[in-house]
Amino acid sequence: MIAPQKPDLVTVNIDGREIAVPKGTNVIEAAKLLGIDVPHYCYHPKLTVVGNCRMCLVEMGMPAVDPATKAPIQDPATGRQKINWMPRPAIGCGTSASPGLHIRTTSPLVRDCQQGVMEFLLVNHPLDCPICDQAGECRLQEQSTGYGRGYSRYIEEKNVKPKRTELGPRVTLDDERCILCSRCVRFCKEIARDDVLGFTERGSSSTLTCFPGRKLENNYSLNTVDICPVGALTSTDFRFKMRVWFLKKTIGIDAESSAGANTTVWSREGVIYRITPRRNDEVNDTWMADSGRLLYKEVGAPGRLNGARVDGVASAIDAAATAAAWLFRTGGIALVGSGRSSVEEQFLTARLAGQLGAEVFLPSRVEKGDGLLVSADRNPNVRGALVTGLVKSLPAPQVSDLATGIDAGRIKAIVSMGEDIVPALSAAQVARVSIVYVGARRNATSDAARIVFPGLTQFEKSGAYINQQFRLQKFEAAVPGPAGAADDRAILGAILAACGAPALPTDLPGLWRAIAAAIPALQNALYSSIPDAGLLLDRTPWAGLPFVEGESLHHKP
Amino acid sequence: MPEQRRLIFQHIDEPGYGNDLACYVRNGGYEVLRRAVQRKPEELIDEVKKSGLRGRGGAGFPCGVKWGLVDRKSGKPIYLVVNADESEPGTFKDRHIIHKDPHQLIEGIMITCFANNVKQAYIYIRGEFPEGARILERAIAEARAANLTGPGILGTAYGCEIYVHRGAGAYICGEETGMIESLEGKRPYPRIKPPYFPAVLGLYQCPTIVNNVETLCHVKHIVDMGGEAYSKIGTPNNTGTRILCVSGHVRRPGYYEFEVGKVTMGQLLNEVCGGPLPGRTLKAVIPGGSSAKVLKFGERFKGKRKVGGEMVDYDWGVEDIPMDFDSLGMIGSMGGSGGVIVMDDSVSMVDALANINAFYSHESCGQCTPCREGSKWMQRITARMVHGVARAEDGALLKSVADQIAGRTICAFGEACAWPTQSFVLKFPEEFKSHEEAKKKADGKAFELA
């Protein structure tokens with residue numbers, strides 16, 4: 001364990017209150033620690049500082065010292081060191097903390113600056129809030145209310161600019177709303193490393209656009225929509241679909257890879273409308289990939305399983321579990337676990353494997369990582385399978401061992417946790433085994449299965465994944481599952497019970513007590529106590545395994 | 001009549017004086033450089049510091065101090081960027097120097113580069129000066145062929161290349177950090193200071209000196225006569241000569257080079273420039289390029305100023321103001337770029353401001369909010385006052401908009417676009433108030449707000 005280096009702290013005074021912050025912290029962040037809001041548009045904590053919006057202007061002063069002796073000059077009125085206030089305001093984003101720095105964020109000059117900038121930002125703004133997707137989460141609306149004058153002195157004509165420019169397949173630009181803060185330009189250049197956006201024209205006619213012959217089509221393009229402080233950049237998918245204030249926010253984890261970007265799932269009345277990144281400075285900062293945002297489409301897509309079936313006949317879950325237990329009497333069982341299952345499900349799957357004396361398989365999903373937030377391992381939770389003891393080694397790319405086992409007559413029945421294994425088997429092999437399938441949607445395996453249990457998608461259930469950093473991160477159910485489907489934990493619990501296993505709770509608090517008791521690596525973890533930033537586990541027991549992930553944001557293999 | 005003192009323009013306009021190397025050398029050209037490279041660079045910097053030379057581009061920042069701020073310990077190369085983007089309306093001195101005496105500039109550049117150990121210098125010339133660019137290219141080629149620039153000049157180990165870079169046509173490229181961005185091939189968005197002071201993080205993030213064309217020409221004369229001697233020219237803290245570009249309503253507009261502070265506005269306009277046109281009277285003058293605050297004939301400026309060691313009262317009319325940096329700053333305007341724009345009683349101040357505002361709103365780079373939106377707003381108000389409906393409250397609104405810009409922007413363009421409006425409205429309030437009536441009379445009909 002390396003002791004964290006003690007940052008060089010300096011004391012600054014903001015609105016009369018002192019706070020010690022690491023040297024170099026800017027005024028916006030220092031003020032935030034004191035609960036003081038310094039309004040801003042162009043500043044973003046994860047992007048370079050350009051200081052172009054001028055909304056964060058503050059008054060700045062330094063303690064007075066005698067130029068000759070360097071001795072502090074006292075102010076007789078206050079008995080404290082005199083402060084030399086600069087006549088001109090300074091930008092909070094570009095002013096970093098230095099010893100004795102004094103800042104005023106509410107003085108008449110600062111108020112006047114804020115009102116002036118707000119007025120300027122609105123003179124050419126279309127004020128089409130009633131039809132704007134950003135309404136409700138618009139910095140322009142919020143800061144207009146908080147720091148503007150509340151009326152307009154502008155009677156001239158406003159600028160006319162393009163209203164619906166398709167910058168790329170997923171992002172649509174309304175140029176009239178753009179306040180030219182350049183966050184999106186900087187994001188593409190600095191984070192996505194795809195320098196594709198820029199401004200043309202100049203002055204008030206400046207217009208955001210793609211470079212000639214280019215499109216904003218990288219897999220991170222939708223982050224520009226998230227960081228756009230106004231309604232200029234809109235998600236083509238979400239545009240005009242729903243008012244944001246009607247939406248319920250639920251915490252989620254991007255399940256497209258083991259990077260495990262933290263997300264917020266936005267839903268209303270059981271329907272998901274969008275997914276946005278949730279800030280986690282240890283994992284994904286404030287970003288996520290576009291591909292992960294569209295995963296919610298699987299919830300409403302056709303082909304959902306909506307009832308348990310035994311040999312094609314509708315059945316109750318418990319009855320199907322009993323039937324499965326009857327199938328298992330032959331022995332020779334292969335259990336195909338999943339790197340997409342949650343930690344809880346993998347724990348129960350491991351118990352089932354133990355109960356049945358089953359051989360465990362775990363199919364891998366390895367593709368190329370992008371070095372940012374989509375890692376090479378497209379299973380979100382392979383680490384979970386290791387930690388829960390479901391598997392001891394990394395997943396294999398092929399389930400060829402499965403086929404060999406069937407041909408040898410060793411494997412007579414297969415339980416698949418949502419993995420579509422049938423396409424990799426021959427028709428003869430499929431005919432020789434009885435398949436039990438637990439999963440959310442129909443596929444070749446569920447079609448070939450004798451017993452089918454209808455599970456949930458990750459958006460319909462709560463649980464936890466362990467990402468590539470061995471960080472335990474939880475997600476919660478955003479929407480209810482379809483009628484007839486059951487939580488995978490309950491399904492596994494029912495099968496375990498039917499197989500005569502000792503009773504296990506399947507509710508989250510109860511199950512986590514059992515997990516904590518059984519798994520040393522998780523002994524201090526309870527679902528309710530997993531912090532929002534996740535819980536970093538000790539990875540040393542698995543340090544020797546050749547994990548497939550390369551270096552990416554906040555992750556070094 | 002006050003006598004001109006011609007240093008920069010010593011030969012310019014002499015019959016037969018050409019802009020080729022042979023002519024320049026015939027007139028003693030490059031002798032100063034020849035002597036300078038035999039001296040220690042630090043001595044040359046000292047001469048410039050002693051001379052008290054102030055930048056002729058607009059801000060009047062002491063040149064020696066600017067050189068003193070350059071980070072010489074970074075190990076990175078030091079660049080010189082020559083600001084030849086002369087774009088301030090009313091200013092036309094640098095173009096004249098480049099057209100008529102390019103080798104004087106090149107000699108000044110080479111001395112400056114030698115003094116500051118600069119190995120590469122860029123002349124950033126305004127895009128609208130194609131002729132100037134051609135002349136400079138030819139002059140640099142001549143000088144290089146004569147071993148006056150390029151590797152190992154004049155038999156020394158020191159070498160320096162000069163490149164001409166043409167701007168693409170934007171006023172903001174004259175702002176030093178905007179110019180640096182433009183040189184790097186980017187949009188000329190001025191940089192935030194801190195941290196991007198050119199002396200530390202300039203061109204390609206290396207220490208960079210940005211000097212005006214006229215300033216660099218003065219360096220030659222300083223090194224020639226010595227900083228001490230140069231500092232005796234002009235007035236204390238306003239040393240040397242400077243070129244005043246007089247345009248507008250006088251009988252003899254043009255270029256005039258005077259010792260700084262040795263000529264008053266009245267002498268300049270009435271004696272040197274021949275006074276107002278027949279039958280007209282002078283109404284207003286902008287003393288240092290269109291962004292400087294306007295002066296109104298008839299207004300008085302009172303206060304105390306330092307003369308020698310003591311403070312004395314002054315009570316000046318516009319005609320009494322000495323044309324130096326400090327005096328013009330003291331009375332609330334600035335010497336700026338030396339562009340003196342004269343307006344007589346035929347001028348409507350609203351029309352004049354509308355013209356200036358049209359320029360600045362067209363030239364705002366659009367990077368930061370107050371300048372981008374404010375300059376356009378002011379332009380729209382004054383355009384409306386001229387071409388449509390004027391309202392009694394427009395003057396106050398204009399001033400308020402300008403007040404929301406000045407001092408709150410990334411670069412000095414905020415002041416440049418706000419000061420004209422602030423001063424025009426302040427000094428000619430009646431014209432802004434009565435413009436509505438005047439329009440009605442002039443057009444014989446009333447306008448209604450749509």
# chains A, B, ... in the order shown; residues from 1 in each chain; ligands from 1

call {"tool": "residues_around", "arguments": {"residues": "Leu140 in chain A", "least_positions_apart": "4", "cutoff": "12 Å", "atoms": "only C-alpha atoms", "output": "PyMOL selection string"}}
result
chain A and resi 39-42+53+55+117-122+125-129+132+134-136+144-148+177-179+181+228-232

call {"tool": "write_last_selection", "arguments": {"atoms": "C-alpha atoms", "output": "short mmCIF file (atom, residue, chain, number, x, y, z; two decimals), in the first residue's frame"}}
result
data_model
loop_
_atom_site.label_atom_id
_atom_site.label_comp_id
_atom_site.auth_asym_id
_atom_site.auth_seq_id
_atom_site.Cartn_x
_atom_site.Cartn_y
_atom_site.Cartn_z
CA PRO A 39 -21.97 30.14 -11.92
CA HIS A 40 -20.19 29.02 -15.08
CA TYR A 41 -20.79 27.57 -18.53
CA CYS A 42 -17.56 26.84 -20.33
CA CYS A 53 -18.10 32.41 -21.11
CA MET A 55 -19.88 33.90 -16.22
CA VAL A 117 -23.08 38.09 -19.10
CA MET A 118 -26.53 36.56 -18.62
CA GLU A 119 -28.10 39.37 -20.60
CA PHE A 120 -25.54 38.99 -23.38
CA LEU A 121 -26.04 35.23 -23.56
CA LEU A 122 -29.75 35.71 -23.97
CA HIS A 125 -30.72 33.07 -27.74
CA PRO A 126 -34.02 31.98 -29.28
CA LEU A 127 -35.68 31.47 -25.87
CA ASP A 128 -37.57 28.51 -27.28
CA CYS A 129 -37.62 26.75 -23.91
CA CYS A 132 -36.39 22.71 -26.05
CA GLN A 134 -32.78 20.99 -22.38
CA ALA A 135 -35.53 22.77 -20.46
CA GLY A 136 -35.45 21.56 -16.90
CA SER A 144 -30.82 33.16 -15.67
CA THR A 145 -33.10 32.64 -12.70
CA GLY A 146 -30.27 32.71 -10.22
CA TYR A 147 -28.09 35.48 -11.60
CA GLY A 148 -29.94 37.33 -14.34
CA ARG A 177 -29.18 27.96 -28.89
CA CYS A 178 -25.40 27.51 -28.87
CA ILE A 179 -23.55 29.85 -26.50
CA CYS A 181 -18.71 27.66 -24.77
CA CYS A 228 -23.68 21.06 -23.56
CA PRO A 229 -24.89 23.54 -20.94
CA VAL A 230 -27.77 24.59 -23.19
CA GLY A 231 -30.07 22.87 -25.66
CA ALA A 232 -27.79 23.23 -28.67
#

call {"tool": "residues_around", "arguments": {"residues": "Gly116 in chain A", "least_positions_apart": "6", "cutoff": "9 Å", "atoms": "only C-alpha atoms", "output": "PyMOL selection string"}}
result
(chain A and resi 55+148-149) or (chain B and resi 370+401+403-405)

call {"tool": "residues_around", "arguments": {"residues": "Arg432 in chain A", "least_positions_apart": "2", "cutoff": "10 Å", "atoms": "only C-alpha atoms", "output": "list in words"}}
result
Ile406, Asp407, Gly409, Ile411, Lys412, Ala413, Ala427, Ala428, Gln429, Val430, Ser434 and Ile435 of chain A

call {"tool": "select_by_dssp", "arguments": {"residues": "range 144-301 of chain B", "states": "helix (DSSP H, G or I)", "output": "VMD selection string"}}
result
chain B and resid 144 to 145 153 to 155 171 to 174 176 to 183 203 to 205 213 to 225 227 to 231 265 to 272

call {"tool": "residues_around", "arguments": {"residues": "range 315-323 of chain A", "least_positions_apart": "2", "cutoff": "6 Å", "atoms": "only C-alpha atoms", "output": "number ranges by chain"}}
result
A: 308-309, 325-326, 494-495, 498

call {"tool": "closest_atom_pairs", "arguments": {"of": "range 173-289 of chain B", "to": "range 297-314 of chain B", "cutoff": "8 Å", "atoms": "only C-alpha atoms", "output": "JSON lines"}}
result
{"residue": "B:Leu282", "atom": "CA", "partner": "B:Phe297", "partner_atom": "CA", "distance": 6.7}
{"residue": "B:Lys283", "atom": "CA", "partner": "B:Phe297", "partner_atom": "CA", "distance": 5.4}
{"residue": "B:Ala284", "atom": "CA", "partner": "B:Phe297", "partner_atom": "CA", "distance": 5.5}
{"residue": "B:Val285", "atom": "CA", "partner": "B:Phe297", "partner_atom": "CA", "distance": 7.7}

call {"tool": "write_last_selection", "arguments": {"atoms": "C-alpha atoms", "output": "compact mmCIF listing (two decimals), in the first residue's frame"}}
result
# COMPACT_ATOMS: atom_id res chain seq x y z
CA LEU B 282 -13.33 70.96 -35.62
CA LYS B 283 -15.78 69.00 -33.54
CA ALA B 284 -14.07 65.90 -32.22
CA VAL B 285 -10.84 63.97 -32.50

call {"tool": "select_by_dssp", "arguments": {"residues": "range 172-308 of chain A", "states": "strand (DSSP E)", "output": "PyMOL selection string"}}
result
chain A and resi 172-173+197-200+207-210+233-235+248-253+262-268+271-277+308
